[in-house]
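So the structure is just underneath, and the comments pick up after that.
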Amino acid sequence: MKKDKILVTGAGGQLGTVLVKALQKHKGRASVIATDLYVKPEKERVLLSLDATNATAVEKIIEEYSITQIYHLAAILSAKGEEQPLQTWDINLKSLFTIFEAARKYKVNKVFFPSSIAVFGASAPKLNTPQDSCLDPTTVYGISKVAGEQWANYYYTKYGLDVRSLRYPGIIGHQSLPGGGTTDYAVDIYHKAVQREPFECYLKKDTALPMIFMEDAVRATLELMEAPKNQIKTRTSYNLNALSFTPEQVAKSIQKWYPNFKITYKEDYRESIAQSWPSSILDTQAQEDWHWEPHYRLDDISNEMLTELKKKYD
Ligand code: AKB
């Protein structure tokens with residue numbers, strides 16, 4: 001069988017940074033072509049510059065490296081997206097079409113497209129939101145993800161393109177910084193704690209959101225992509241559950257290691273985005289179809305985050 005050659009877009013982002021390393025470990029360093037729009041010179045990792053909205057550039061890379069799989073992570077997230085709605089729509093959808101079209105044209109075997117809990121809105125149940133709830137998002141990011149899910153299903157049904165997708169909760173990791181998301185506070189709070197600084201939270205203390213630890217998020221992605229094709233029954237995007245918590249709960253967890261840690265609350269526009277999202281989600285289909293199971297609970301995450309970030313700041 002031909003060896004996989006994997007293209008990753010948005011490889012310099014929060015998830016991309018860690019996913020690329022995991023892919024390199026599983027598939028071999030030379031098998032992963034990591035790309036991003038802006039490339040900082042780095043010793044350790046080779047990141048190629050690629051504008052994922054540029055069809056010619058994308059096709060050139062697919063051809064040049066004989067790409068067999070694509071992880072298309074490049075996108076503008078929820079909070080940043082609200083600052084420039086039209087540009088966000090344009091970038092998120094244009095890059096998606098470029099990738100799907102190029103994948104179809106060059107007969108790429110599999111494509112991964114990240115969706116989000118941001119696809120849900122007011123009409124979905126707030127607690128234990130099921131897979132097939134009504135999708136009426138309030139953010140342009142959420143709208144772009146709903147459209148992306150439908151296009152994923154379209155490319156699968158019409159062209160047989162094997163697109164697979166997860167609705168990620170907020171991702172918490174120490175390896176990289178998130179940017180432009182509503183759930184970013186759950187990473188920033190740990191950075192403040194290890195620097196022994198107080199944290200001002202832009203969400204209310206009791207606003208619960210679904211979250212996932214980076215290791216679980218990366219494992220879920222790889223497990224979904226490795227699952228046999230006939231097990232993938234959801235061709236829009238799978239709900240992915242790990243845990244849910246409020247800012248107050250994460251602060252209390254941090255105080256088990258840093259008893260003097262202080263949190264204050266000053267809500268901004270991100271609170272209303274968070275209010276429009278589920279507090280918790282159900283992922284029965286992911287469990288049934290490809291046996292998804294999260295490993296990290298809140299105190300496990302706090303332990304890992306605080307230990308690893310302390311090494312970075314010390
Ligand atoms: C965001 O907050 O925009 C993202 C997401 C939940 O998709 N982290």
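Just so we're on the same page: first chain in the structure tokens is A, next is B, and so on; residues restart at 1 for each chain, and ligands are numbered from 1 in the order they show up.
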
Where does DSSP see alpha helix (DSSP H) in stretch 45-191 of chain A, if you list the residues as a PyMOL selection string? chain A and resi 55-64+78-81+85-105+140-159+185-191

Excluding same-chain residues fewer than 3 positions from A:Glu197, what lies within 8 Å of it counting only C-alpha atoms, as number ranges by chain? A: 192-194, 261-262

Go ahead and save the residues from that selection, with N, CA and C atoms, as an mmCIF file, in the first residue's frame.
```cif
data_model
loop_
_atom_site.group_PDB
_atom_site.id
_atom_site.type_symbol
_atom_site.label_atom_id
_atom_site.label_comp_id
_atom_site.auth_asym_id
_atom_site.auth_seq_id
_atom_site.Cartn_x
_atom_site.Cartn_y
_atom_site.Cartn_z
ATOM 1 N N LYS A 192 -1.765 32.432 33.788
ATOM 2 C CA LYS A 192 -1.749 33.426 34.874
ATOM 3 C C LYS A 192 -1.430 32.740 36.205
ATOM 4 N N ALA A 193 -2.046 31.579 36.432
ATOM 5 C CA ALA A 193 -1.857 30.893 37.718
ATOM 6 C C ALA A 193 -0.382 30.575 37.974
ATOM 7 N N VAL A 194 0.298 30.019 36.963
ATOM 8 C CA VAL A 194 1.710 29.655 37.205
ATOM 9 C C VAL A 194 2.610 30.891 37.316
ATOM 10 N N PHE A 261 -4.431 31.589 44.346
ATOM 11 C CA PHE A 261 -4.860 32.055 43.011
ATOM 12 C C PHE A 261 -6.202 32.792 43.091
ATOM 13 N N LYS A 262 -6.262 33.955 42.427
ATOM 14 C CA LYS A 262 -7.478 34.773 42.486
ATOM 15 C C LYS A 262 -8.063 34.961 41.077
#
```

Those of stretch 191-228 of chain A in DSSP strand (DSSP E or B), formatted as a ChimeraX atom specification: /A:199-201,209-213

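Among the candidate residues A:Ser276, A:Thr236, A:Gln255, A:Gln231, the one lying nearest to ligand 1 is A:Ser276, with distances computed using only C-alpha atoms and all ligand atoms.
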
For ligand 1, which residue among A:Thr182, A:Asn239, A:Ser165, A:Asn153 is the nearest when counting only C-alpha atoms and all ligand atoms? A:Thr182

Determine, for each residue of chain A having at least one atom at most 10 Å from an atom of ligand 1, the closest pair of atoms and their separation in Å to one decimal, counting only C-alpha atoms and all ligand atoms; order by chain and ascending number, as a tab-separated table.
```
residue	atom	partner	partner_atom_place_in_ligand_line	distance
A:Gln14	CA	ligand 1	8 (N)	9.4
A:Leu15	CA	ligand 1	8 (N)	9.9
A:Ala75	CA	ligand 1	3 (O)	9.9
A:Ile76	CA	ligand 1	3 (O)	8.1
A:Leu77	CA	ligand 1	3 (O)	4.3
A:Ser78	CA	ligand 1	3 (O)	3.8
A:Ala79	CA	ligand 1	3 (O)	6.0
A:Lys80	CA	ligand 1	3 (O)	8.1
A:Gly81	CA	ligand 1	3 (O)	8.5
A:Pro114	CA	ligand 1	7 (O)	8.5
A:Ser115	CA	ligand 1	7 (O)	7.0
A:Ser116	CA	ligand 1	7 (O)	4.4
A:Ile117	CA	ligand 1	6 (C)	5.6
A:Ala118	CA	ligand 1	7 (O)	5.7
A:Val119	CA	ligand 1	7 (O)	8.7
A:Thr139	CA	ligand 1	3 (O)	9.4
A:Tyr141	CA	ligand 1	3 (O)	7.4
A:Gly142	CA	ligand 1	7 (O)	8.1
A:Lys145	CA	ligand 1	7 (O)	9.0
A:Arg167	CA	ligand 1	7 (O)	7.7
A:Tyr168	CA	ligand 1	7 (O)	6.0
A:Pro169	CA	ligand 1	6 (C)	4.8
A:Gly170	CA	ligand 1	8 (N)	4.2
A:Ile171	CA	ligand 1	8 (N)	6.1
A:Ile172	CA	ligand 1	8 (N)	9.0
A:Pro178	CA	ligand 1	8 (N)	7.6
A:Gly179	CA	ligand 1	8 (N)	8.4
A:Gly180	CA	ligand 1	3 (O)	6.6
A:Gly181	CA	ligand 1	2 (O)	3.4
A:Thr182	CA	ligand 1	2 (O)	3.6
A:Thr183	CA	ligand 1	2 (O)	4.1
A:Asp184	CA	ligand 1	2 (O)	6.2
A:Tyr185	CA	ligand 1	2 (O)	9.1
A:Ala186	CA	ligand 1	8 (N)	9.8
A:Leu209	CA	ligand 1	6 (C)	8.7
A:Pro210	CA	ligand 1	6 (C)	8.1
A:Met211	CA	ligand 1	6 (C)	8.0
A:Ile212	CA	ligand 1	6 (C)	9.9
A:Arg270	CA	ligand 1	2 (O)	9.0
A:Ile273	CA	ligand 1	2 (O)	8.8
A:Ala274	CA	ligand 1	2 (O)	8.3
A:Trp277	CA	ligand 1	6 (C)	8.8
```

Leaving out A:Asp132 and any residue of its chain fewer than 4 positions from it, which residues lie within 12 Å of it when counting only C-alpha atoms, given as a VMD selection string? chain A and resid 119 to 120 123 to 125 128 234 236 to 239 281 to 285

Go through A:Glu101, A:Lys205, A:Pro85, A:Leu23 one by one, measure the shortest atom-to-atom distance of each to A:Asn54 using only C-alpha atoms, and give the residue with the smallest value. A:Glu101

re atom CA of A:His174 and atom CA of A:Leu48: distance 23.5 Å

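When only C-alpha atoms are used to compute distances to A:His191, the closest of the residues A:Ser280, A:Thr307, A:Gln87, A:Asn109 turns out to be A:Thr307.
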
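Counting from atom CA of A:Phe112, the distance to atom CA of A:Arg164 is 5.0 Å.
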
Would you work out the distance separating atom CA of A:Trp292 from atom CA of A:Ala220, expressed in Å to one decimal? 6.8 Å

Need to verify the contact set: A:Thr53, 10 Å, only C-alpha atoms, exclusion of same-chain residues closer than 4 positions in sequence. Can you return it as a ChimeraX atom specification? /A:37,57-58,74,90-99

Write a file of the selected residues as a PDB file, in the first residue's frame, keeping N, CA and C atoms.
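In the end it all went to result-v6.pdb:
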```
ATOM      1  N   LEU A  37      -0.316  30.147   6.945  1.00  0.00           N
ATOM      2  CA  LEU A  37      -0.244  31.392   6.171  1.00  0.00           C
ATOM      3  C   LEU A  37       1.018  32.169   6.537  1.00  0.00           C
ATOM      4  N   ALA A  57      -1.941  27.504  -5.439  1.00  0.00           N
ATOM      5  CA  ALA A  57      -0.889  27.148  -4.479  1.00  0.00           C
ATOM      6  C   ALA A  57      -1.195  25.808  -3.800  1.00  0.00           C
ATOM      7  N   VAL A  58      -2.474  25.592  -3.442  1.00  0.00           N
ATOM      8  CA  VAL A  58      -2.861  24.341  -2.778  1.00  0.00           C
ATOM      9  C   VAL A  58      -2.629  23.160  -3.730  1.00  0.00           C
ATOM     10  N   ALA A  74      -6.951  25.441   9.021  1.00  0.00           N
ATOM     11  CA  ALA A  74      -6.928  26.907   8.931  1.00  0.00           C
ATOM     12  C   ALA A  74      -8.345  27.468   8.995  1.00  0.00           C
ATOM     13  N   ASP A  90     -15.582  34.677   4.258  1.00  0.00           N
ATOM     14  CA  ASP A  90     -14.821  34.534   3.040  1.00  0.00           C
ATOM     15  C   ASP A  90     -13.637  33.572   3.226  1.00  0.00           C
ATOM     16  N   ILE A  91     -12.862  33.797   4.282  1.00  0.00           N
ATOM     17  CA  ILE A  91     -11.673  32.961   4.505  1.00  0.00           C
ATOM     18  C   ILE A  91     -12.066  31.524   4.846  1.00  0.00           C
ATOM     19  N   ASN A  92     -13.024  31.377   5.780  1.00  0.00           N
ATOM     20  CA  ASN A  92     -13.379  30.017   6.213  1.00  0.00           C
ATOM     21  C   ASN A  92     -13.979  29.192   5.077  1.00  0.00           C
ATOM     22  N   LEU A  93     -14.845  29.811   4.289  1.00  0.00           N
ATOM     23  CA  LEU A  93     -15.500  29.042   3.209  1.00  0.00           C
ATOM     24  C   LEU A  93     -14.613  28.893   1.977  1.00  0.00           C
ATOM     25  N   LYS A  94     -13.907  29.974   1.645  1.00  0.00           N
ATOM     26  CA  LYS A  94     -13.059  29.916   0.446  1.00  0.00           C
ATOM     27  C   LYS A  94     -11.972  28.842   0.605  1.00  0.00           C
ATOM     28  N   SER A  95     -11.369  28.808   1.787  1.00  0.00           N
ATOM     29  CA  SER A  95     -10.316  27.803   2.010  1.00  0.00           C
ATOM     30  C   SER A  95     -10.921  26.397   1.979  1.00  0.00           C
ATOM     31  N   LEU A  96     -12.130  26.264   2.513  1.00  0.00           N
ATOM     32  CA  LEU A  96     -12.776  24.945   2.521  1.00  0.00           C
ATOM     33  C   LEU A  96     -13.040  24.450   1.094  1.00  0.00           C
ATOM     34  N   PHE A  97     -13.589  25.336   0.258  1.00  0.00           N
ATOM     35  CA  PHE A  97     -13.854  24.951  -1.142  1.00  0.00           C
ATOM     36  C   PHE A  97     -12.558  24.618  -1.875  1.00  0.00           C
ATOM     37  N   THR A  98     -11.537  25.425  -1.616  1.00  0.00           N
ATOM     38  CA  THR A  98     -10.244  25.177  -2.272  1.00  0.00           C
ATOM     39  C   THR A  98      -9.744  23.778  -1.925  1.00  0.00           C
ATOM     40  N   ILE A  99      -9.810  23.434  -0.630  1.00  0.00           N
ATOM     41  CA  ILE A  99      -9.322  22.125  -0.174  1.00  0.00           C
ATOM     42  C   ILE A  99     -10.201  20.998  -0.726  1.00  0.00           C
TER      43      ILE A  99
END
```
